[in-house]
file structure_9.csv (CSV, C-alpha atoms)
chain,number,residue,atom,x,y,z
A,1021,MET,CA,74.2,-42.5,50.0
A,1022,LEU,CA,70.8,-42.0,48.5
A,1023,GLU,CA,70.3,-45.7,49.0
A,1024,THR,CA,70.8,-45.3,52.7
A,1025,LEU,CA,67.9,-42.9,52.7
A,1026,GLY,CA,65.8,-45.4,50.9
A,1027,ILE,CA,65.9,-43.8,47.5
A,1028,HIS,CA,66.6,-46.4,44.8
A,1029,PHE,CA,67.4,-44.8,41.4
A,1030,PRO,CA,65.8,-47.4,39.0
A,1031,SER,CA,62.6,-47.3,41.1
A,1032,LEU,CA,62.7,-43.5,41.2
A,1033,ALA,CA,63.1,-43.4,37.4
A,1034,ILE,CA,60.2,-45.8,36.9
A,1035,TYR,CA,58.1,-43.7,39.3
A,1036,LEU,CA,59.1,-40.6,37.6
A,1037,VAL,CA,58.2,-42.1,34.1
A,1038,ASN,CA,54.9,-43.4,35.5
A,1039,PHE,CA,54.1,-40.0,36.9
A,1040,LEU,CA,54.9,-38.2,33.6
A,1041,LEU,CA,52.8,-40.8,31.7
A,1042,VAL,CA,49.9,-40.2,34.1
A,1043,LEU,CA,50.4,-36.5,33.8
A,1044,ILE,CA,50.4,-36.7,30.0
A,1045,LEU,CA,47.4,-38.9,29.9
A,1046,LEU,CA,45.5,-36.6,32.3
A,1047,TYR,CA,46.5,-33.6,30.2
A,1048,LEU,CA,45.3,-35.2,27.0
A,1049,PHE,CA,42.2,-37.0,28.2
A,1050,ALA,CA,41.0,-35.0,31.3
A,1051,TYR,CA,42.6,-31.5,31.4
A,1052,LYS,CA,41.9,-30.6,27.7
A,1053,PRO,CA,38.2,-31.7,27.9
A,1054,ILE,CA,37.7,-30.0,31.2
A,1055,LEU,CA,39.3,-26.8,29.9
A,1056,LYS,CA,37.1,-27.1,26.8
A,1057,LEU,CA,34.0,-27.5,28.9
A,1058,MET,CA,35.0,-24.6,31.1
A,1059,ASP,CA,35.6,-22.4,28.0
A,1060,GLN,CA,32.2,-23.4,26.6
A,1061,ARG,CA,30.5,-22.6,29.9
A,1062,ALA,CA,32.3,-19.3,30.0
A,1063,ASP,CA,31.1,-18.5,26.5
A,1064,ARG,CA,27.5,-19.5,27.4
A,1065,ILE,CA,27.7,-17.3,30.5
A,1066,ARG,CA,29.1,-14.4,28.4
A,1067,GLU,CA,26.4,-14.8,25.8
A,1068,SER,CA,23.7,-14.9,28.5
A,1069,LEU,CA,25.1,-11.7,30.0
A,1070,GLU,CA,25.1,-10.1,26.6
A,1071,VAL,CA,21.5,-11.2,26.0
A,1072,ALA,CA,20.5,-9.9,29.4
A,1073,GLU,CA,22.3,-6.6,28.8
A,1074,LYS,CA,20.5,-6.3,25.4
A,1075,ALA,CA,17.2,-7.1,27.0
A,1076,ARG,CA,17.8,-4.5,29.7
A,1077,GLU,CA,18.7,-1.9,27.0
A,1078,ASP,CA,15.6,-2.9,25.0
A,1079,ALA,CA,13.5,-2.5,28.1
A,1080,ALA,CA,15.0,0.9,28.8
A,1081,SER,CA,14.4,2.0,25.2
A,1082,SER,CA,10.9,0.6,25.3
A,1083,GLN,CA,10.3,2.4,28.6
A,1084,ASP,CA,11.5,5.6,27.0
A,1085,ALA,CA,9.3,5.0,23.9
A,1086,ILE,CA,6.3,4.4,26.2
A,1087,GLN,CA,7.0,7.5,28.2
A,1088,GLU,CA,7.3,9.5,25.0
A,1089,GLN,CA,4.0,8.1,23.8
A,1090,ILE,CA,2.4,9.0,27.1
A,1091,THR,CA,3.8,12.5,26.9
A,1092,GLU,CA,2.6,12.9,23.3
A,1093,ALA,CA,-0.8,11.6,24.2
A,1094,ARG,CA,-1.0,14.1,27.1
A,1095,ARG,CA,0.0,16.9,24.7
A,1096,GLU,CA,-2.6,15.8,22.2
A,1097,GLY,CA,-5.2,15.6,24.9
A,1098,GLN,CA,-4.3,19.1,26.0
A,1099,ARG,CA,-4.5,20.4,22.5
A,1100,ILE,CA,-7.9,18.8,22.0
A,1101,MET,CA,-9.1,20.4,25.3
A,1102,ASP,CA,-7.8,23.8,24.2
A,1103,GLN,CA,-9.5,23.4,20.8
A,1104,THR,CA,-12.7,22.4,22.6
A,1105,ARG,CA,-12.5,25.4,24.9
A,1106,GLU,CA,-11.9,27.7,22.0
A,1107,ALA,CA,-14.8,26.2,20.1
A,1108,THR,CA,-17.1,26.5,23.1
A,1109,GLU,CA,-16.0,30.1,23.7
A,1110,ARG,CA,-16.6,30.9,20.0
A,1111,PHE,CA,-20.0,29.2,20.1
A,1112,ARG,CA,-20.9,31.0,23.4
A,1113,THR,CA,-19.9,34.4,21.9
A,1114,GLU,CA,-21.8,33.8,18.7
A,1115,GLU,CA,-24.9,32.8,20.6
A,1116,MET,CA,-24.6,35.8,22.9
A,1117,ASP,CA,-24.3,38.1,19.9
A,1118,LYS,CA,-27.2,36.3,18.2
A,1119,ALA,CA,-29.3,36.6,21.3
A,1120,ARG,CA,-28.3,40.3,21.7
A,1121,GLN,CA,-29.2,41.0,18.1
A,1122,GLU,CA,-32.6,39.2,18.5
A,1123,ALA,CA,-33.3,41.2,21.7
A,1124,GLU,CA,-32.3,44.5,20.0
A,1125,ALA,CA,-34.6,43.6,17.0
A,1126,PHE,CA,-37.4,42.7,19.4
A,1127,VAL,CA,-36.9,46.0,21.3
A,1128,GLU,CA,-36.9,47.9,18.0
A,1129,ARG,CA,-40.1,46.1,16.9
A,1130,ALA,CA,-41.7,46.8,20.3
A,1131,LYS,CA,-40.7,50.5,20.1
A,1132,ALA,CA,-42.1,50.7,16.6
A,1133,ASP,CA,-45.4,49.0,17.7
A,1134,ILE,CA,-45.6,51.3,20.7
A,1135,GLN,CA,-45.0,54.4,18.5
A,1136,ARG,CA,-47.6,53.1,16.0
A,1137,GLU,CA,-50.1,52.5,18.8
A,1138,ARG,CA,-49.4,55.9,20.3
A,1139,ASP,CA,-49.8,57.6,16.9
A,1140,THR,CA,-53.1,55.8,16.3
A,1141,ALA,CA,-54.3,56.6,19.8
A,1142,LEU,CA,-53.4,60.3,19.3
A,1143,GLN,CA,-55.2,60.4,16.0
A,1144,GLU,CA,-58.2,58.8,17.6
A,1145,VAL,CA,-58.1,61.3,20.5
A,1146,ARG,CA,-57.7,64.2,18.1
A,1147,ALA,CA,-60.6,62.9,16.0
A,1148,SER,CA,-62.8,62.3,18.9
A,1149,PHE,CA,-61.8,65.6,20.6
A,1150,GLY,CA,-62.5,67.4,17.4
A,1151,ASP,CA,-65.9,65.7,17.3
A,1152,LEU,CA,-66.5,66.5,20.9
A,1153,ALA,CA,-65.5,70.1,20.4
A,1154,ILE,CA,-67.8,70.4,17.4
A,1155,THR,CA,-70.7,68.7,19.4
A,1156,ALA,CA,-70.1,71.0,22.3
A,1157,ALA,CA,-70.0,74.1,20.1
A,1158,GLU,CA,-73.3,73.0,18.4
A,1159,ARG,CA,-75.0,72.6,21.8
A,1160,VAL,CA,-73.6,75.9,23.1
A,1161,ILE,CA,-74.9,77.7,20.1
A,1162,ARG,CA,-78.3,76.0,20.4
A,1163,SER,CA,-78.9,76.9,24.0
A,1164,SER,CA,-77.8,79.7,26.2
A,1165,LEU,CA,-75.6,78.6,29.0
A,1166,ASP,CA,-75.7,79.3,32.6
A,1167,ARG,CA,-73.2,77.8,35.0
A,1168,THR,CA,-75.1,74.6,35.8
A,1169,ALA,CA,-76.1,74.1,32.2
A,1170,HIS,CA,-72.4,74.6,31.2
A,1171,GLU,CA,-71.2,72.0,33.7
A,1172,SER,CA,-73.9,69.5,32.7
A,1173,LEU,CA,-73.0,70.0,29.0
A,1174,ILE,CA,-69.3,69.3,29.7
A,1175,ALA,CA,-70.2,66.2,31.7
A,1176,GLN,CA,-72.5,65.0,28.9
A,1177,VAL,CA,-69.8,65.6,26.2
A,1178,LEU,CA,-67.2,63.7,28.3
A,1179,GLU,CA,-69.5,60.8,28.8
A,1180,GLU,CA,-70.2,60.6,25.1
A,1181,GLY,CA,-66.4,60.8,24.4
A,1182,GLU,CA,-65.9,58.0,26.9
A,1183,SER,CA,-68.5,55.9,25.2
A,1184,LEU,CA,-67.0,56.5,21.8
A,1185,ARG,CA,-63.6,55.4,23.0
A,1186,ARG,CA,-65.0,52.2,24.5
A,1187,GLY,CA,-67.2,51.4,21.6

call {"tool": "encode", "arguments": {"input": "structure_9.csv", "output": "structure tokens"}}
result
Amino acid sequence: MLETLGIHFPSLAIYLVNFLLVLILLYLFAYKPILKLMDQRADRIRESLEVAEKAREDAASSQDAIQEQITEARREGQRIMDQTREATERFRTEEMDKARQEAEAFVERAKADIQRERDTALQEVRASFGDLAITAAERVIRSSLDRTAHESLIAQVLEEGESLRRG
């Protein structure tokens, strides 16, 4: 009955043996090398992905390290600025104190000079007033005084005192 359908057993067996032989040959010479090439390619892709992931992690850690260095540099800069501010403030305070002390010393010297000049002037006035009083008394004793003579004597003594001060 199969022969009526056009199926011939010996030919079918030969076709089947040929198909199995071609299948075995393809498996041995084509399928295994193709699978081997595909496995190698998959390994290379996996390795590339691992390298890329490692590079990404390295870049991230490098970015973190750079950010930390930037932060540390900012802290260091701020610390230096604070130290500079403190040093400037200390210097300014020291200079202000020094200037204040110099000004106070100058004022004290000026007061001492003024007091010395005042004392000297008072001594000169006392000495010249004493001389004027003695001179006036001598003249009063030598001459009798009326009102006009008295006024002219006072004017003369004052002029002499003035000339003594100038000279």

call {"tool": "axis_aligned_box", "arguments": {"input": "structure_9.csv", "around": "range 1033-1042 of chain A", "padding_each_side": "6 Å", "output": "AutoDock Vina command-line options"}}
result
--center_x 56.5 --center_y -42.0 --center_z 35.5 --size_x 25.2 --size_y 19.6 --size_z 19.6

call {"tool": "residues_around", "arguments": {"input": "structure_9.csv", "residues": "Leu1032 in chain A", "least_positions_apart": "6", "cutoff": "12 Å", "atoms": "only C-alpha atoms", "output": "VMD selection string"}}
result
chain A and resid 1022 to 1023 1026 1038 to 1039

call {"tool": "atom_distance", "arguments": {"input": "structure_9.csv", "atom1": "CA of Ile1100 in chain A", "atom2": "CA of Glu1114 in chain A"}}
result
20.7 Å

call {"tool": "atom_distance", "arguments": {"input": "structure_9.csv", "atom1": "CA of Ala1050 in chain A", "atom2": "CA of Ala1033 in chain A"}}
result
24.4 Å
